[in-house]
>>> print(open('my_file.txt').read())   # compact mmCIF, C-alpha atoms
# COMPACT_ATOMS: atom_id res chain seq x y z
CA MET A 1 16.58 7.01 -10.75
CA ASN A 2 14.78 4.76 -8.28
CA PHE A 3 16.37 2.88 -5.38
CA VAL A 4 14.68 0.26 -3.19
CA LEU A 5 15.65 -0.61 0.38
CA HIS A 6 14.18 -3.70 2.09
CA ILE A 7 14.26 -4.00 5.89
CA PRO A 8 12.95 -7.21 7.51
CA LEU A 9 11.47 -6.52 10.93
CA GLN A 10 12.58 -8.52 13.95
CA THR A 11 9.31 -8.80 15.87
CA SER A 12 8.20 -10.17 19.19
CA ALA A 13 5.03 -12.29 19.37
CA GLU A 14 3.08 -9.26 20.61
CA GLN A 15 4.38 -7.05 17.79
CA LEU A 16 3.56 -9.74 15.24
CA THR A 17 -0.03 -9.84 16.50
CA ARG A 18 -0.32 -6.06 16.18
CA LEU A 19 1.02 -6.08 12.63
CA HIS A 20 -1.41 -8.84 11.62
CA ALA A 21 -4.27 -6.77 13.05
CA LEU A 22 -3.14 -3.66 11.17
CA GLN A 23 -2.84 -5.58 7.91
CA ALA A 24 -6.33 -7.08 8.28
CA ALA A 25 -7.85 -3.68 9.12
CA PHE A 26 -6.15 -2.10 6.12
CA ALA A 27 -7.56 -4.85 3.87
CA ARG A 28 -11.08 -4.24 5.25
CA VAL A 29 -10.92 -0.58 4.23
CA CYS A 30 -9.61 -1.50 0.77
CA ASN A 31 -12.46 -4.00 0.35
CA ALA A 32 -15.02 -1.41 1.46
CA LEU A 33 -13.72 0.91 -1.26
CA ALA A 34 -13.42 -1.63 -4.09
CA PRO A 35 -17.19 -1.80 -4.92
CA THR A 36 -17.19 1.96 -5.53
CA VAL A 37 -14.47 1.49 -8.13
CA GLN A 38 -16.47 -1.28 -9.80
CA GLN A 39 -19.67 0.79 -9.89
CA THR A 40 -18.18 4.16 -10.89
CA ARG A 41 -15.06 3.15 -12.88
CA VAL A 42 -13.22 5.78 -10.85
CA TRP A 43 -9.84 4.86 -9.39
CA ASN A 44 -8.00 8.16 -9.62
CA ARG A 45 -6.60 8.75 -6.16
CA VAL A 46 -7.88 12.32 -5.76
CA ALA A 47 -11.32 11.51 -7.16
CA LEU A 48 -11.64 8.44 -4.92
CA HIS A 49 -10.64 10.54 -1.92
CA HIS A 50 -13.41 13.04 -2.64
CA LEU A 51 -15.94 10.27 -3.18
CA MET A 52 -15.20 8.05 -0.20
CA TYR A 53 -12.91 9.55 2.43
CA ARG A 54 -15.61 10.90 4.73
CA SER A 55 -17.72 7.74 4.73
CA LEU A 56 -14.67 5.52 5.23
CA ARG A 57 -13.53 7.60 8.21
CA GLU A 58 -16.97 7.22 9.77
CA ARG A 59 -17.08 3.50 9.08
CA PHE A 60 -13.51 2.71 10.18
CA PRO A 61 -12.60 5.20 12.94
CA GLU A 62 -10.07 2.79 14.43
CA LEU A 63 -7.73 3.07 11.46
CA GLY A 64 -7.09 6.81 11.67
CA SER A 65 -7.40 9.50 9.03
CA GLN A 66 -3.99 9.16 7.39
CA MET A 67 -4.17 5.37 7.09
CA VAL A 68 -7.55 5.72 5.41
CA CYS A 69 -5.83 8.01 2.90
CA ASN A 70 -3.15 5.35 2.44
CA ALA A 71 -5.82 2.69 1.83
CA ILE A 72 -7.35 4.90 -0.86
CA TYR A 73 -3.89 5.16 -2.42
CA SER A 74 -3.51 1.37 -2.25
CA VAL A 75 -6.80 0.77 -4.09
CA SER A 76 -5.97 3.42 -6.70
CA ARG A 77 -2.53 1.92 -7.24
CA THR A 78 -3.83 -1.65 -7.49
CA CYS A 79 -6.54 -0.64 -9.96
CA ARG A 80 -3.93 0.98 -12.18
CA LEU A 81 -2.15 -2.37 -12.30
CA VAL A 82 -5.26 -4.46 -12.88
CA PHE A 83 -7.02 -2.19 -15.38
CA GLN A 84 -4.17 -0.29 -17.04
CA HIS A 85 -1.12 -2.58 -17.08
CA PRO A 86 -0.52 -3.54 -20.75
CA GLN A 87 -0.19 -7.23 -19.87
CA SER A 88 -3.15 -7.45 -17.51
CA PRO A 89 -5.94 -9.77 -18.69
CA PHE A 90 -8.36 -7.21 -17.21
CA HIS A 91 -7.00 -4.20 -19.12
CA LEU A 92 -9.80 -1.80 -20.07
CA SER A 93 -9.19 -2.43 -23.77
CA ARG A 94 -9.90 -6.14 -23.23
CA LEU A 95 -13.00 -5.54 -21.12
CA GLY A 96 -14.69 -3.31 -23.68
CA ASP A 97 -18.25 -2.53 -22.59
CA LYS A 98 -18.36 -5.30 -20.01
CA PRO A 99 -18.72 -4.27 -16.34
CA LEU A 100 -15.52 -3.99 -14.36
CA PRO A 101 -14.62 -7.10 -12.39
CA SER A 102 -14.71 -6.87 -8.60
CA LEU A 103 -11.51 -6.77 -6.57
CA ARG A 104 -11.03 -8.52 -3.25
CA PHE A 105 -7.98 -7.68 -1.15
CA ALA A 106 -6.54 -10.53 0.93
CA ASP A 107 -5.81 -10.09 4.62
CA ASN A 108 -2.10 -10.23 3.76
CA CYS A 109 -2.25 -7.30 1.35
CA PRO A 110 0.54 -4.70 1.59
CA VAL A 111 0.05 -1.78 3.98
CA TYR A 112 1.14 1.63 2.70
CA PHE A 113 2.66 4.20 5.02
CA ASP A 114 3.75 7.81 4.61
CA ARG A 115 5.80 10.33 6.57
CA HIS A 116 2.88 10.91 8.97
CA THR A 117 2.49 7.23 9.88
CA LEU A 118 6.10 6.01 9.76
CA SER A 119 9.37 7.76 10.51
CA VAL A 120 13.04 6.84 10.67
CA LYS A 121 15.25 8.92 12.93
CA ALA A 122 18.50 8.35 14.83
CA GLY A 123 18.53 4.62 14.18
CA GLN A 124 14.93 4.10 15.29
CA LEU A 125 11.85 3.31 13.23
CA SER A 126 8.47 4.45 14.55
CA MET A 127 5.34 3.15 12.85
CA TYR A 128 1.60 3.52 13.33
CA THR A 129 -0.49 0.56 14.52
CA LEU A 130 -4.11 0.27 15.64
CA ASP A 131 -3.12 0.63 19.30
CA GLY A 132 -0.29 3.10 19.29
CA ARG A 133 3.15 3.54 17.81
CA MET A 134 5.50 0.58 17.48
CA ARG A 135 9.26 1.14 17.51
CA PHE A 136 12.15 -0.87 16.12
CA ALA A 137 15.90 -0.31 16.31
CA LEU A 138 17.48 -0.03 12.87
CA ALA A 139 21.10 -0.70 12.01
CA LEU A 140 21.35 1.18 8.72
CA LYS A 141 24.44 1.19 6.54
CA PRO A 142 25.92 4.65 5.88
CA VAL A 143 24.73 4.52 2.27
CA ASP A 144 21.17 3.78 3.43
CA GLU A 145 21.26 6.65 5.92
CA ALA A 146 22.39 8.91 3.08
CA ASN A 147 19.40 7.88 0.98
CA PHE A 148 16.99 8.95 3.73
CA LYS A 149 18.71 12.33 3.88
CA GLU A 150 19.40 12.99 0.21
CA LYS A 151 16.73 11.23 -1.84
CA LYS A 152 12.98 11.67 -2.08
CA LEU A 153 11.03 8.92 -0.34
CA ARG A 154 8.23 7.90 -2.72
CA GLU A 155 6.64 4.88 -1.06
CA ILE A 156 6.79 2.90 2.16
CA VAL A 157 5.21 -0.55 2.00
CA LEU A 158 4.81 -3.18 4.71
CA SER A 159 4.46 -6.72 3.33
CA ARG A 160 4.27 -10.16 4.89
CA ARG A 161 6.65 -12.66 3.33
CA LEU A 162 5.82 -16.33 2.74
CA ASP A 163 7.86 -17.23 5.83
CA GLY A 164 5.69 -14.91 7.95
CA VAL A 165 8.33 -12.21 8.40
CA PHE A 166 7.17 -8.62 7.88
CA ASP A 167 9.30 -6.63 5.47
CA LEU A 168 9.41 -2.86 5.00
CA CYS A 169 10.18 -1.61 1.52
CA PHE A 170 11.31 1.99 0.98
CA LEU A 171 11.24 3.36 -2.57
CA PHE A 172 13.48 6.37 -3.14
CA SER A 173 14.03 8.54 -6.18
CA ASP A 174 16.35 11.42 -6.92
CA ALA A 175 15.14 14.65 -5.35
CA GLN A 176 14.79 16.35 -8.73
CA ASP A 177 12.37 13.69 -10.02
CA LYS A 178 8.91 15.22 -9.95
CA GLU A 179 6.93 12.31 -11.33
CA ALA A 180 5.78 9.54 -9.03
CA PRO A 181 6.96 6.09 -10.14
CA GLU A 182 4.64 3.83 -12.05
CA PRO A 183 3.42 0.97 -9.85
CA ALA A 184 5.10 -2.37 -10.46
CA ALA A 185 3.42 -5.65 -9.61
CA PRO A 186 5.39 -8.01 -7.35
CA ASP A 187 7.78 -10.31 -9.23
CA GLY A 188 6.66 -8.92 -12.58
CA ALA A 189 3.11 -10.26 -12.29
CA GLU A 190 0.43 -8.31 -14.15
CA VAL A 191 -2.10 -8.81 -11.34
CA PRO A 192 -0.80 -8.62 -7.75
CA GLU A 193 -1.03 -11.89 -5.83
CA TYR A 194 -2.74 -10.18 -2.87
CA VAL A 195 -5.86 -9.27 -4.84
CA MET A 196 -8.53 -11.60 -6.21
CA VAL A 197 -10.28 -10.47 -9.39
CA GLU A 198 -13.80 -11.77 -10.05
CA GLU A 199 -15.37 -11.03 -13.40
CA ALA A 200 -18.91 -9.67 -13.35
CA GLN A 201 -21.58 -12.14 -14.33
>>> encode(input="my_file.txt", output="structure tokens")
Amino acid sequence: MNFVLHIPLQTSAEQLTRLHALQAAFARVCNALAPTVQQTRVWNRVALHHLMYRSLRERFPELGSQMVCNAIYSVSRTCRLVFQHPQSPFHLSRLGDKPLPSLRFADNCPVYFDRHTLSVKAGQLSMYTLDGRMRFALALKPVDEANFKEKKLREIVLSRRLDGVFDLCFLFSDAQDKEAPEPAAPDGAEVPEYVMVEEAQ
């Protein structure tokens, strides 16, 4: 059983600038990877990692090794939505023999974290940014603290809301669940709003 916890971040102007920079850098890596998906039709996370990790690390040293891995995960996850979601207009069955469309990630695309790049401990959140760790005080309810201790943390996603506030989303599942959750598009959309899909000419 999945459980989602949303935490809006109370940021200073300086922290907001750093989060915008991280989001834009993350999008650049995703956009550098997207043409490989279009050319090879490969979006399996492990296969993409083997294909592109080394070159992405060389091209984007400022992002760090683990965030490059998270960008690969983001592209893999988004492609599963765009090309495999039953309701997507770009589902592989609808494309047939036509070339894959190209994907373009917006600068406000979600940023994925993991236990190496974000941690929650003793009421404090520590997260990776381009210029060092950023820390926030968290006032978690007892039930939320219990989820961090007792459930398996599947995903951590940083998103920018329409009002400009950054929101952290934690997806938990029961510890005995071995399968990763299927990706869900925001608000039930078949194609995420943060990605532009351009059909090949």
>>> closest_residue(input="my_file.txt", among="A:Ala13, A:Ala200, A:Val29, A:Ala24", to="Pro99 in chain A", atoms="all atoms listed in the file")
A:Ala200
>>> closest_residue(input="my_file.txt", among="A:Leu158, A:Leu56, A:Asn108, A:Ser12", to="Met127 in chain A", atoms="all atoms listed in the file")
A:Leu158
>>> closest_residue(input="my_file.txt", among="A:Ala146, A:Leu22, A:Leu92, A:Leu81", to="Tyr128 in chain A", atoms="all atoms listed in the file")
A:Leu22
>>> atom_distance(input="my_file.txt", atom1="CA of Ile72 in chain A", atom2="CA of Lys98 in chain A")
24.3 Å
>>> closest_residue(input="my_file.txt", among="A:Tyr112, A:His20, A:Leu103, A:Val75", to="Val46 in chain A", atoms="all atoms listed in the file")
A:Val75
>>> atom_distance(input="my_file.txt", atom1="CA of Ala71 in chain A", atom2="CA of Gln87 in chain A")
24.5 Å
>>> residues_near_point(input="my_file.txt", point="(-12.4, -8.1, 6.4)", cutoff="12 Å", atoms="only C-alpha atoms", output="list in words")
Ala21, Leu22, Gln23, Ala24, Ala25, Phe26, Ala27, Arg28, Val29, Cys30, Asn31, Ala32, Leu33, Phe60, Arg104, Phe105, Ala106, Asp107, Asn108 and Cys109 of chain A
>>> residues_around(input="my_file.txt", residues="Phe172 in chain A", least_positions_apart="5", cutoff="10 Å", atoms="all atoms listed in the file", output="list in words")
Met1, Asn2, Phe3, Val4, Leu5, Asn147, Phe148, Glu150, Lys151, Lys152, Leu153, Arg154, Glu155, Ile156 and Pro181 of chain A
>>> residues_around(input="my_file.txt", residues="Cys69 in chain A", least_positions_apart="6", cutoff="10 Å", atoms="only C-alpha atoms", output="PDB file with C-alpha atoms, in the coordinates of the input")
ATOM      1  CA  ARG A  45      -6.600   8.750  -6.160  1.00  0.00           C
ATOM      2  CA  VAL A  46      -7.880  12.320  -5.760  1.00  0.00           C
ATOM      3  CA  LEU A  48     -11.640   8.440  -4.920  1.00  0.00           C
ATOM      4  CA  HIS A  49     -10.640  10.540  -1.920  1.00  0.00           C
ATOM      5  CA  MET A  52     -15.200   8.050  -0.200  1.00  0.00           C
ATOM      6  CA  TYR A  53     -12.910   9.550   2.430  1.00  0.00           C
ATOM      7  CA  LEU A  56     -14.670   5.520   5.230  1.00  0.00           C
ATOM      8  CA  ARG A  57     -13.530   7.600   8.210  1.00  0.00           C
ATOM      9  CA  TYR A 112       1.140   1.630   2.700  1.00  0.00           C
ATOM     10  CA  PHE A 113       2.660   4.200   5.020  1.00  0.00           C
ATOM     11  CA  ASP A 114       3.750   7.810   4.610  1.00  0.00           C
TER      12      ASP A 114
END
>>> closest_residue(input="my_file.txt", among="A:Pro86, A:Pro101, A:Pro110, A:Gly96", to="Glu198 in chain A", atoms="all atoms listed in the file")
A:Pro101
>>> atom_distance(input="my_file.txt", atom1="CA of Val68 in chain A", atom2="CA of Leu130 in chain A")
12.1 Å
>>> closest_residue(input="my_file.txt", among="A:Leu16, A:Val191, A:Leu125, A:Val165", to="Gln84 in chain A", atoms="only C-alpha atoms")
A:Val191
>>> residues_near_point(input="my_file.txt", point="(2.4, -18.8, 2.2)", cutoff="12 Å", atoms="all atoms listed in the file", output="MDAnalysis selection string")
chainID A and resid 108 160:165 193:194
>>> axis_aligned_box(input="my_file.txt", around="range 29-44 of chain A", padding_each_side="4 Å", output="JSON")
{"center_x": -13.8, "center_y": 2.1, "center_z": -4.3, "size_x": 19.7, "size_y": 20.2, "size_z": 25.1}
>>> residues_around(input="my_file.txt", residues="Ala122 in chain A", least_positions_apart="6", cutoff="12 Å", atoms="all atoms listed in the file", output="list in words")
Phe136, Ala137, Leu138, Ala139, Leu140, Glu145, Phe148 and Lys149 of chain A
>>> build_atoms(input="my_file.txt", residues="range 48-77 of chain A", atoms="N, CA and C atoms", output="PDB file, in the frame of the given file")
ATOM      1  N   LEU A  48     -11.180   9.420  -5.908  1.00  0.00           N
ATOM      2  CA  LEU A  48     -11.640   8.440  -4.920  1.00  0.00           C
ATOM      3  C   LEU A  48     -11.682   9.057  -3.520  1.00  0.00           C
ATOM      4  N   HIS A  49     -10.676   9.868  -3.223  1.00  0.00           N
ATOM      5  CA  HIS A  49     -10.640  10.540  -1.920  1.00  0.00           C
ATOM      6  C   HIS A  49     -11.884  11.392  -1.725  1.00  0.00           C
ATOM      7  N   HIS A  50     -12.229  12.174  -2.740  1.00  0.00           N
ATOM      8  CA  HIS A  50     -13.410  13.040  -2.640  1.00  0.00           C
ATOM      9  C   HIS A  50     -14.695  12.229  -2.515  1.00  0.00           C
ATOM     10  N   LEU A  51     -14.737  11.097  -3.198  1.00  0.00           N
ATOM     11  CA  LEU A  51     -15.940  10.270  -3.180  1.00  0.00           C
ATOM     12  C   LEU A  51     -16.150   9.551  -1.846  1.00  0.00           C
ATOM     13  N   MET A  52     -15.046   9.051  -1.251  1.00  0.00           N
ATOM     14  CA  MET A  52     -15.200   8.050  -0.200  1.00  0.00           C
ATOM     15  C   MET A  52     -14.531   8.355   1.134  1.00  0.00           C
ATOM     16  N   TYR A  53     -13.673   9.354   1.206  1.00  0.00           N
ATOM     17  CA  TYR A  53     -12.910   9.550   2.430  1.00  0.00           C
ATOM     18  C   TYR A  53     -13.809   9.721   3.658  1.00  0.00           C
ATOM     19  N   ARG A  54     -14.776  10.597   3.569  1.00  0.00           N
ATOM     20  CA  ARG A  54     -15.610  10.900   4.730  1.00  0.00           C
ATOM     21  C   ARG A  54     -16.358   9.658   5.226  1.00  0.00           C
ATOM     22  N   SER A  55     -16.952   8.918   4.304  1.00  0.00           N
ATOM     23  CA  SER A  55     -17.720   7.740   4.730  1.00  0.00           C
ATOM     24  C   SER A  55     -16.803   6.645   5.277  1.00  0.00           C
ATOM     25  N   LEU A  56     -15.595   6.514   4.716  1.00  0.00           N
ATOM     26  CA  LEU A  56     -14.670   5.520   5.230  1.00  0.00           C
ATOM     27  C   LEU A  56     -14.189   5.880   6.632  1.00  0.00           C
ATOM     28  N   ARG A  57     -13.954   7.155   6.876  1.00  0.00           N
ATOM     29  CA  ARG A  57     -13.530   7.600   8.210  1.00  0.00           C
ATOM     30  C   ARG A  57     -14.610   7.294   9.241  1.00  0.00           C
ATOM     31  N   GLU A  58     -15.870   7.499   8.849  1.00  0.00           N
ATOM     32  CA  GLU A  58     -16.970   7.220   9.770  1.00  0.00           C
ATOM     33  C   GLU A  58     -17.126   5.726  10.017  1.00  0.00           C
ATOM     34  N   ARG A  59     -16.882   4.951   8.988  1.00  0.00           N
ATOM     35  CA  ARG A  59     -17.080   3.500   9.080  1.00  0.00           C
ATOM     36  C   ARG A  59     -15.916   2.797   9.780  1.00  0.00           C
ATOM     37  N   PHE A  60     -14.700   3.346   9.625  1.00  0.00           N
ATOM     38  CA  PHE A  60     -13.510   2.710  10.180  1.00  0.00           C
ATOM     39  C   PHE A  60     -12.712   3.705  11.031  1.00  0.00           C
ATOM     40  N   PRO A  61     -13.293   4.183  12.125  1.00  0.00           N
ATOM     41  CA  PRO A  61     -12.600   5.200  12.940  1.00  0.00           C
ATOM     42  C   PRO A  61     -11.320   4.676  13.586  1.00  0.00           C
ATOM     43  N   GLU A  62     -11.242   3.355  13.750  1.00  0.00           N
ATOM     44  CA  GLU A  62     -10.070   2.790  14.430  1.00  0.00           C
ATOM     45  C   GLU A  62      -8.793   2.897  13.603  1.00  0.00           C
ATOM     46  N   LEU A  63      -8.926   3.079  12.302  1.00  0.00           N
ATOM     47  CA  LEU A  63      -7.730   3.070  11.460  1.00  0.00           C
ATOM     48  C   LEU A  63      -7.023   4.426  11.429  1.00  0.00           C
ATOM     49  N   GLY A  64      -7.748   5.506  11.688  1.00  0.00           N
ATOM     50  CA  GLY A  64      -7.090   6.810  11.670  1.00  0.00           C
ATOM     51  C   GLY A  64      -7.170   7.452  10.291  1.00  0.00           C
ATOM     52  N   SER A  65      -7.165   8.768  10.274  1.00  0.00           N
ATOM     53  CA  SER A  65      -7.400   9.500   9.030  1.00  0.00           C
ATOM     54  C   SER A  65      -6.319   9.259   7.982  1.00  0.00           C
ATOM     55  N   GLN A  66      -5.051   9.276   8.383  1.00  0.00           N
ATOM     56  CA  GLN A  66      -3.990   9.160   7.390  1.00  0.00           C
ATOM     57  C   GLN A  66      -3.898   7.753   6.810  1.00  0.00           C
ATOM     58  N   MET A  67      -4.190   6.737   7.621  1.00  0.00           N
ATOM     59  CA  MET A  67      -4.170   5.370   7.090  1.00  0.00           C
ATOM     60  C   MET A  67      -5.337   5.125   6.153  1.00  0.00           C
ATOM     61  N   VAL A  68      -6.458   5.801   6.376  1.00  0.00           N
ATOM     62  CA  VAL A  68      -7.550   5.720   5.410  1.00  0.00           C
ATOM     63  C   VAL A  68      -7.098   6.303   4.077  1.00  0.00           C
ATOM     64  N   CYS A  69      -6.386   7.422   4.134  1.00  0.00           N
ATOM     65  CA  CYS A  69      -5.830   8.010   2.900  1.00  0.00           C
ATOM     66  C   CYS A  69      -4.885   7.023   2.212  1.00  0.00           C
ATOM     67  N   ASN A  70      -4.090   6.316   3.010  1.00  0.00           N
ATOM     68  CA  ASN A  70      -3.150   5.350   2.440  1.00  0.00           C
ATOM     69  C   ASN A  70      -3.881   4.151   1.828  1.00  0.00           C
ATOM     70  N   ALA A  71      -5.020   3.766   2.411  1.00  0.00           N
ATOM     71  CA  ALA A  71      -5.820   2.690   1.830  1.00  0.00           C
ATOM     72  C   ALA A  71      -6.420   3.128   0.500  1.00  0.00           C
ATOM     73  N   ILE A  72      -6.842   4.361   0.413  1.00  0.00           N
ATOM     74  CA  ILE A  72      -7.350   4.900  -0.860  1.00  0.00           C
ATOM     75  C   ILE A  72      -6.240   4.854  -1.904  1.00  0.00           C
ATOM     76  N   TYR A  73      -5.033   5.235  -1.502  1.00  0.00           N
ATOM     77  CA  TYR A  73      -3.890   5.160  -2.420  1.00  0.00           C
ATOM     78  C   TYR A  73      -3.649   3.723  -2.865  1.00  0.00           C
ATOM     79  N   SER A  74      -3.737   2.776  -1.927  1.00  0.00           N
ATOM     80  CA  SER A  74      -3.510   1.370  -2.250  1.00  0.00           C
ATOM     81  C   SER A  74      -4.501   0.870  -3.302  1.00  0.00           C
ATOM     82  N   VAL A  75      -5.780   1.203  -3.126  1.00  0.00           N
ATOM     83  CA  VAL A  75      -6.800   0.770  -4.090  1.00  0.00           C
ATOM     84  C   VAL A  75      -6.562   1.434  -5.443  1.00  0.00           C
ATOM     85  N   SER A  76      -6.255   2.712  -5.444  1.00  0.00           N
ATOM     86  CA  SER A  76      -5.970   3.420  -6.700  1.00  0.00           C
ATOM     87  C   SER A  76      -4.790   2.778  -7.413  1.00  0.00           C
ATOM     88  N   ARG A  77      -3.742   2.500  -6.673  1.00  0.00           N
ATOM     89  CA  ARG A  77      -2.530   1.920  -7.240  1.00  0.00           C
ATOM     90  C   ARG A  77      -2.792   0.532  -7.809  1.00  0.00           C
TER      91      ARG A  77
END
